[in-house]
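Novice: What follows is coords-v8.cif; its format and atoms are mmCIF, C-alpha atoms.
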data_entry
#
loop_
_atom_site.label_atom_id
_atom_site.label_comp_id
_atom_site.auth_asym_id
_atom_site.auth_seq_id
_atom_site.Cartn_x
_atom_site.Cartn_y
_atom_site.Cartn_z
CA ASN Q 1 104.46 48.29 99.97
CA LEU Q 2 105.98 44.84 99.76
CA TYR Q 3 105.37 44.31 103.49
CA PHE Q 4 101.74 45.38 103.06
CA THR Q 5 101.34 43.03 100.09
CA ILE Q 6 102.75 40.09 102.05
CA GLU Q 7 100.55 40.88 105.06
CA ALA Q 8 97.47 41.17 102.83
CA PHE Q 9 98.36 37.85 101.19
CA ASN Q 10 98.79 36.16 104.58
CA PHE Q 11 95.48 37.57 105.82
CA SER Q 12 93.69 36.38 102.67
CA ARG Q 13 95.28 32.94 102.92
CA ASN Q 14 94.49 32.62 106.61
CA PHE Q 15 90.92 33.78 106.07
CA ASN Q 16 90.44 31.29 103.24
CA GLN Q 17 91.90 28.52 105.41
CA PHE Q 18 89.52 29.52 108.21
CA MET Q 19 86.60 29.44 105.77
CA GLU Q 20 87.52 26.00 104.44
CA ALA Q 21 88.17 24.59 107.92
CA SER Q 22 84.83 25.86 109.14
CA ILE Q 23 82.68 24.36 106.39
CA ILE Q 24 80.44 21.57 107.65
CA LYS Q 25 78.74 19.34 105.10
CA PHE Q 26 75.66 17.28 105.88
CA SER Q 27 73.20 15.18 103.88
CA ALA Q 28 69.95 13.47 104.85
CA GLU Q 29 66.65 12.44 103.34
CA GLY Q 30 63.87 15.00 103.25
CA SER Q 31 60.77 13.89 105.15
CA ILE Q 32 58.39 15.16 102.46
CA SER Q 33 60.37 14.90 99.22
CA LYS Q 34 62.07 11.61 100.21
CA LYS Q 35 65.08 12.94 98.27
CA GLN Q 36 68.57 13.50 99.60
CA ILE Q 37 69.03 17.07 100.82
CA ASN Q 38 72.60 18.39 100.86
CA LEU Q 39 73.58 21.22 103.19
CA GLU Q 40 76.80 23.16 103.69
CA PHE Q 41 77.23 25.37 106.74
CA ARG Q 42 79.66 28.22 106.05
CA PRO Q 43 80.89 31.29 107.93
CA SER Q 44 79.18 34.47 106.80
CA ASN Q 45 80.23 38.13 106.85
CA LYS Q 46 76.57 39.10 107.15
CA LYS Q 47 74.85 39.21 110.52
CA GLY Q 48 72.11 36.61 110.80
CA ILE Q 49 71.20 33.27 109.27
CA TYR Q 50 70.82 32.87 105.50
CA PHE Q 51 69.69 29.94 103.36
CA THR Q 52 71.43 30.04 99.96
CA PHE Q 53 70.23 28.04 96.93
CA PRO Q 54 72.10 26.61 93.90
CA ASP Q 55 71.01 29.55 91.73
CA GLY Q 56 72.71 31.99 94.11
CA SER Q 57 69.50 33.39 95.58
CA PHE Q 58 69.03 33.40 99.33
CA ILE Q 59 66.45 33.75 102.09
CA GLU Q 60 67.24 35.45 105.37
CA ALA Q 61 65.83 33.73 108.45
CA SER Q 62 63.54 36.62 109.32
CA VAL Q 63 59.85 37.04 110.02
CA LYS Q 64 59.73 39.41 107.05
CA ASN Q 65 60.26 36.34 104.85
CA LEU Q 66 57.62 34.20 106.57
CA SER Q 67 55.57 32.35 103.97
CA SER Q 68 53.50 29.95 106.09
CA ALA Q 69 53.16 28.88 109.72
CA THR Q 70 50.36 26.34 109.55
CA ARG Q 71 51.96 22.99 110.37
CA ASN Q 72 55.60 24.12 110.31
CA THR Q 73 57.52 27.31 109.70
CA VAL Q 74 58.13 28.10 106.03
CA LEU Q 75 60.28 30.93 104.71
CA GLY Q 76 60.00 32.26 101.18
CA SER Q 77 61.58 34.83 98.91
CA GLY Q 78 61.03 35.08 95.19
CA LYS Q 79 60.62 31.62 93.71
CA ASN Q 80 62.32 29.81 96.60
CA LEU Q 81 60.81 28.28 99.70
CA ILE Q 82 62.39 26.52 102.64
CA CYS Q 83 60.26 24.63 105.16
CA PHE Q 84 60.85 23.00 108.56
CA VAL Q 85 63.34 25.70 109.59
CA GLU Q 86 62.31 25.90 113.26
CA HIS Q 87 64.38 23.03 114.71
CA LEU Q 88 67.58 24.12 112.99
CA LEU Q 89 67.05 27.75 114.01
CA CYS Q 90 66.49 26.59 117.58
CA ALA Q 91 69.85 24.79 117.59
CA ILE Q 92 71.75 27.69 116.01
CA ASN Q 93 70.42 30.15 118.58
CA LEU Q 94 70.87 27.81 121.54
CA LEU Q 95 74.52 27.55 120.51
CA GLN Q 96 74.62 31.36 120.20
CA ILE Q 97 75.97 31.32 116.65
CA PRO Q 98 75.45 34.90 115.42
CA SER Q 99 75.90 34.44 111.67
CA LEU Q 100 75.77 31.50 109.32
CA GLU Q 101 75.24 30.81 105.63
CA ILE Q 102 73.53 27.51 104.86
CA PHE Q 103 73.80 26.28 101.28
CA ILE Q 104 70.95 23.91 100.51
CA ASP Q 105 69.85 22.12 97.33
CA GLY Q 106 66.27 21.38 98.41
CA GLN Q 107 63.23 23.12 99.83
CA GLU Q 108 63.08 21.44 103.22
CA ILE Q 109 65.34 21.06 106.22
CA PRO Q 110 65.66 17.32 107.00
CA LEU Q 111 63.69 16.59 110.17
CA LEU Q 112 65.84 13.65 111.26
CA ASP Q 113 64.42 12.44 114.61
CA GLY Q 114 62.12 15.48 114.88
CA SER Q 115 64.25 17.30 117.46
CA ALA Q 116 67.01 19.92 117.43
CA LYS Q 117 69.59 17.60 119.03
CA PRO Q 118 71.19 16.33 115.78
CA TRP Q 119 71.81 19.95 114.74
CA ILE Q 120 73.29 20.74 118.16
CA ASP Q 121 75.67 17.79 117.79
CA LEU Q 122 76.60 18.86 114.24
CA LEU Q 123 77.28 22.52 115.04
CA LYS Q 124 78.45 22.47 118.67
CA LYS Q 125 82.10 22.97 117.66
CA TRP Q 126 81.33 25.88 115.36
CA PRO Q 127 84.19 28.37 115.95
CA GLU Q 128 82.10 31.55 116.07
CA LYS Q 129 79.99 31.99 119.19
CA ASN Q 130 78.37 35.12 120.58
CA THR Q 131 79.04 34.72 124.29
CA GLU Q 132 77.84 38.23 125.13
CA LEU Q 133 74.31 38.48 123.79
CA THR Q 134 72.64 41.85 123.48
CA GLN Q 135 70.22 42.09 126.38
CA ILE Q 136 66.81 43.34 125.29
CA GLU Q 137 64.45 44.81 127.86
CA LEU Q 138 60.74 44.23 127.40
CA ASN Q 139 59.00 47.23 128.91
CA GLU Q 140 55.41 46.11 128.46
CA VAL Q 141 53.30 42.99 128.12
CA LYS Q 142 53.13 41.73 124.54
CA ALA Q 143 50.20 39.52 123.61
CA SER Q 144 49.05 37.58 120.58
CA LEU Q 145 45.70 35.81 120.53
CA SER Q 146 43.91 33.41 118.21
CA LYS Q 147 41.21 30.76 118.23
CA ASP Q 148 41.25 27.35 116.63
CA THR Q 149 38.38 25.53 114.93
CA ASN Q 150 37.33 23.88 118.18
CA LYS Q 151 36.87 27.29 119.81
CA ASP Q 152 39.72 26.66 122.25
CA GLU Q 153 41.46 29.96 122.87
CA ARG Q 154 45.19 29.74 122.18
CA THR Q 155 47.41 32.44 123.56
CA VAL Q 156 51.06 33.48 123.59
CA LEU Q 157 52.05 36.17 126.09
CA ALA Q 158 55.36 37.84 126.88
CA TYR Q 159 55.93 39.43 130.28
CA PRO Q 160 58.95 41.50 131.30
CA ASN Q 161 61.34 39.29 133.27
CA LYS Q 162 64.91 39.38 134.60
CA GLU Q 163 65.94 36.66 132.12
CA PHE Q 164 64.63 34.65 129.18
CA LYS Q 165 62.14 31.97 130.15
CA MET Q 166 59.39 29.99 128.44
CA THR Q 167 56.34 28.13 129.79
CA TYR Q 168 53.94 25.96 127.82
CA ILE Q 169 50.48 24.90 128.99
CA PHE Q 170 49.86 21.60 127.21
CA LYS Q 171 46.65 19.72 126.55
CA SER Q 172 47.35 16.04 125.90
CA PRO Q 173 46.05 14.84 122.52
CA ILE Q 174 45.63 11.39 124.06
CA ASN Q 175 43.44 12.01 127.10
CA GLY Q 176 42.91 15.77 127.20
CA GLU Q 177 44.78 16.19 130.48
CA GLN Q 178 46.39 19.58 131.00
CA SER Q 179 49.95 20.06 132.23
CA TRP Q 180 52.67 22.67 131.98
CA VAL Q 181 56.43 22.84 131.67
CA SER Q 182 58.97 25.67 131.82
CA TRP Q 183 62.46 26.07 130.41
CA SER Q 184 65.30 28.55 130.80
CA LEU Q 185 68.97 28.33 129.95
CA ASN Q 186 69.69 27.13 133.50
CA ASP Q 187 67.93 23.87 132.58
CA GLY Q 188 70.57 23.13 129.94
CA ILE Q 189 70.19 23.20 126.17
CA ASP Q 190 69.93 19.42 125.75
CA LYS Q 191 66.72 19.24 127.76
CA LEU Q 192 65.05 21.47 125.19
CA ALA Q 193 66.93 20.37 122.08
CA ARG Q 194 66.25 16.64 122.33
CA ALA Q 195 62.45 16.98 122.63
CA ARG Q 196 60.99 15.31 119.54
CA THR Q 197 58.05 16.31 117.40
CA PHE Q 198 54.94 14.14 117.58
CA ALA Q 199 51.91 13.42 115.42
CA PRO Q 200 48.96 11.00 115.22
CA LYS Q 201 50.00 7.46 114.37
CA GLU Q 202 47.92 7.32 111.18
CA GLU Q 203 49.51 10.55 109.94
CA ASN Q 204 53.07 9.34 110.51
CA GLN Q 205 52.16 5.98 109.00
CA ALA Q 206 50.96 7.66 105.81
CA MET Q 207 54.25 9.56 105.55
CA GLY Q 208 56.40 6.51 106.29
CA LEU Q 209 57.66 8.01 109.54
CA ILE Q 210 56.68 5.33 112.04
CA GLY Q 211 59.68 4.66 114.25
CA LYS Q 212 61.38 7.91 113.20
CA TRP Q 213 59.12 10.39 115.00
CA LEU Q 214 56.95 10.09 118.07
CA SER Q 215 53.53 8.76 117.13
CA TYR Q 216 50.48 8.53 119.34
CA ASP Q 217 47.02 7.04 119.44
CA MET Q 218 44.53 6.62 122.25
CA ASN Q 219 46.83 4.01 123.80
CA GLY Q 220 49.72 6.43 124.20
CA TYR Q 221 53.06 7.09 122.45
CA ASP Q 222 54.77 4.39 120.41
CA LEU Q 223 58.31 5.25 121.60
CA PRO Q 224 59.60 5.83 125.13
CA LEU Q 225 59.59 9.51 126.09
CA TYR Q 226 62.86 11.06 127.24
CA GLU Q 227 60.78 12.56 130.04
CA LYS Q 228 57.08 12.81 130.71
CA ASP Q 229 56.90 16.43 129.51
CA GLU Q 230 58.69 15.81 126.20
CA PRO Q 231 55.72 16.77 123.95
CA ALA Q 232 55.27 20.07 125.82
CA LEU Q 233 59.03 20.70 125.70
CA HIS Q 234 58.92 20.22 121.94
CA LYS Q 235 56.30 22.96 121.74
CA LEU Q 236 58.78 25.20 123.58
CA LEU Q 237 61.51 24.13 121.14
CA ASP Q 238 59.28 25.31 118.29
CA LEU Q 239 58.52 28.55 120.11
CA PHE Q 240 62.22 29.24 120.65
CA GLY Q 241 63.09 28.60 116.99
CA ASP Q 242 60.20 30.74 115.76
CA LEU Q 243 61.03 33.63 118.10
CA SER Q 244 64.51 33.82 116.56
CA LEU Q 245 62.83 35.12 113.40
CA SER Q 246 62.31 38.39 115.28
CA GLY Q 247 65.92 39.32 114.53
CA ALA Q 248 67.25 38.71 118.04
CA ASN Q 249 68.53 35.61 119.77
CA PRO Q 250 65.68 34.77 122.18
CA LEU Q 251 68.19 34.09 124.96
CA GLY Q 252 68.89 37.80 125.10
CA ILE Q 253 65.26 38.84 125.51
CA LYS Q 254 64.43 39.61 129.15
CA ALA Q 255 60.93 38.18 129.05
CA HIS Q 256 58.85 35.24 130.20
CA PHE Q 257 56.95 33.80 127.25
CA ILE Q 258 53.83 31.88 128.26
CA SER Q 259 52.07 29.81 125.61
CA PHE Q 260 48.66 28.25 126.15
CA GLN Q 261 48.41 25.56 123.43
CA GLY Q 262 50.15 27.89 120.99
CA GLY Q 263 51.75 26.77 117.74
CA HIS Q 264 53.74 28.15 114.83
CA ALA Q 265 51.08 30.66 113.78
CA LEU Q 266 51.03 32.36 117.18
CA ASN Q 267 54.78 31.97 117.68
CA THR Q 268 55.53 33.83 114.48
CA GLN Q 269 52.92 36.48 115.25
CA MET Q 270 54.81 37.11 118.47
CA ALA Q 271 58.10 37.24 116.55
CA ARG Q 272 56.60 39.87 114.26
CA ILE Q 273 55.39 41.94 117.22
CA LEU Q 274 58.84 41.74 118.81
CA SER Q 275 60.62 42.63 115.57
CA LYS Q 276 58.71 45.89 115.43
CA SER Q 277 59.52 46.63 119.05
CA PHE Q 278 63.27 46.25 119.29
CA VAL Q 279 64.88 45.55 115.91
#
How does this structure look as C-alpha cells?

Specialist:
Amino acid sequence: NLYFTIEAFNFSRNFNQFMEASIIKFSAEGSISKKQINLEFRPSNKKGIYFTFPDGSFIEASVKNLSSATRNTVLGSGKNLICFVEHLLCAINLLQIPSLEIFIDGQEIPLLDGSAKPWIDLLKKWPEKNTELTQIELNEVKASLSKDTNKDERTVLAYPNKEFKMTYIFKSPINGEQSWVSWSLNDGIDKLARARTFAPKEENQAMGLIGKWLSYDMNGYDLPLYEKDEPALHKLLDLFGDLSLSGANPLGIKAHFISFQGGHALNTQMARILSKSFV
C-alpha cells in the first residue's frame, strides 16, 4: 500500500509538472475591442479544442456551436461568444494537436497580422502531437451551394481523393481577374499559415488596421505579398480552419475540397455536412 501511495504521489507530481511546463501564456490587443486579450494554452484530458472563460464556462470548437459565419467564424454557447477562431484553429490542426484547452478573458481571438503563422510559431513546440491521424474515406461527392447578392454562384465541393487537398478559384477584388491555387501538406504548412487576411483600404482604415493587415484599393495591395497567390491562399487557410469544426482534423480527410469564391458561410456548411457523415 505504501508503494502504491508513493507511485500515485509521483504520478500526480509528474503530471502536475507536465501541466505547468506545458502552459503557454499569450497576450495581444483585440482587433475589435482594442483591449488586451489574455490567453493560456493548457493540456486537456478531453479530446478536441475548448475555449474556457473566467466564469468556468466553455465552448467546444465544433460546428454544433457555430453562432455566425458572415465575416468571420463565431462560436457561441450560453451567454459566451468567441469570434475570429478560424486562424487559430487552422494552426492547431496543421500542427496536429489533438486536444487543447484555451483559457481566454475576451470574446475575440487576436488577429495579429491576419495569418495563422504567429500561432504556429507559438504552439510549434507543444508536446502533444497526433502523428497518426485517423484517415477518413469520403465515399461520395459532398456539395454545398449558395449565391451572393451579386448573383455570382459560390460553391464548395468535396471529391473523394487519395489524400487531403484544397483548391480555391479566386476572383480578384482589384481587377476581377480569375486565378486558382491549390495546397496539400506536401507544400508545407508555412505556405498556408503565413497567408494574411485582406480587406478594402477604407475598411481597414476605419478600424485602425492600416499597416497591420493587407489592404487593397484599385491600385493594388498596400503591402508586398509573400507570393502572388497570397489572397487565395488565405481563403484556403480559412477553409482549413473552418473544416476542423467538423470534428476531424482536415488533414485526415481523403478528399479534394474545391472552393469557387467560397467563404466562411459555405465552409461551415461543408463542415456541418461532413460532421453528419463521419463523426

Novice: Name every residue that the PyMOL selection byres ((chain Q and resi 113-121) around 9) selects in this structure, writing the answer as an mmCIF file with C-alpha atoms, in the frame of the given file with chains first and numbers rising.

Specialist:
data_model
loop_
_atom_site.group_PDB
_atom_site.id
_atom_site.type_symbol
_atom_site.label_atom_id
_atom_site.label_comp_id
_atom_site.auth_asym_id
_atom_site.auth_seq_id
_atom_site.Cartn_x
_atom_site.Cartn_y
_atom_site.Cartn_z
ATOM 1 C CA GLU Q 86 62.310 25.900 113.260
ATOM 2 C CA HIS Q 87 64.380 23.030 114.710
ATOM 3 C CA LEU Q 88 67.580 24.120 112.990
ATOM 4 C CA LEU Q 89 67.050 27.750 114.010
ATOM 5 C CA CYS Q 90 66.490 26.590 117.580
ATOM 6 C CA ALA Q 91 69.850 24.790 117.590
ATOM 7 C CA ILE Q 92 71.750 27.690 116.010
ATOM 8 C CA LEU Q 94 70.870 27.810 121.540
ATOM 9 C CA LEU Q 95 74.520 27.550 120.510
ATOM 10 C CA PRO Q 110 65.660 17.320 107.000
ATOM 11 C CA LEU Q 111 63.690 16.590 110.170
ATOM 12 C CA LEU Q 112 65.840 13.650 111.260
ATOM 13 C CA LEU Q 122 76.600 18.860 114.240
ATOM 14 C CA LEU Q 123 77.280 22.520 115.040
ATOM 15 C CA LYS Q 124 78.450 22.470 118.670
ATOM 16 C CA LYS Q 125 82.100 22.970 117.660
ATOM 17 C CA ILE Q 189 70.190 23.200 126.170
ATOM 18 C CA ASP Q 190 69.930 19.420 125.750
ATOM 19 C CA LEU Q 192 65.050 21.470 125.190
ATOM 20 C CA ALA Q 193 66.930 20.370 122.080
ATOM 21 C CA ARG Q 194 66.250 16.640 122.330
ATOM 22 C CA ALA Q 195 62.450 16.980 122.630
ATOM 23 C CA ARG Q 196 60.990 15.310 119.540
ATOM 24 C CA THR Q 197 58.050 16.310 117.400
ATOM 25 C CA PHE Q 198 54.940 14.140 117.580
ATOM 26 C CA LYS Q 212 61.380 7.910 113.200
ATOM 27 C CA TRP Q 213 59.120 10.390 115.000
ATOM 28 C CA LEU Q 214 56.950 10.090 118.070
ATOM 29 C CA HIS Q 234 58.920 20.220 121.940
ATOM 30 C CA LEU Q 237 61.510 24.130 121.140
#

Novice: I need the residue nearest Leu239 (chain Q) from this list: Q:Ile258, Q:Glu163, Q:Gly78, Q:Ser44. Use all atoms listed in the file for the distance.

Specialist: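 Comparing Q:Ile258, Q:Glu163, Q:Gly78, Q:Ser44 against Leu239 (chain Q), the winner is Q:Ile258.
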
Novice: If we count all atoms listed in the file, what is near region 31-34 of chain Q at a cut-off of 9 Å, once residues fewer than 3 positions away on the same chain are taken out, given as a VMD selection string?

Specialist: chain Q and resid 37 106 to 112 207 to 209

Novice: Mind telling me what the PyMOL selection byres ((chain Q and resi 54) around 8) catches here, as a list in words?

Specialist: Thr52, Phe53, Asp55, Gly56, Ser57, Phe103, Ile104 and Asp105 of chain Q

Novice: Counting all atoms listed in the file, what is within 12 Å of Lys228 (chain Q), bar same-chain residues fewer than 2 positions away, as a ChimeraX atom specification?

Specialist: /Q:170,172,179-181,191,195,220-221,223-226,230-234

Novice: Just checking: using only C-alpha atoms, which residue out of Q:Asn130, Q:Asn72, Q:Asn204, Q:Asn267 ends up closest to Pro98 (chain Q)?

Specialist: Q:Asn130

Novice: For the atom pair CA of Gln261 (chain Q) and CA of Ile49 (chain Q), what is the interatomic distance in Å to one decimal place?

Specialist: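 These two atoms are separated by 27.9 Å.
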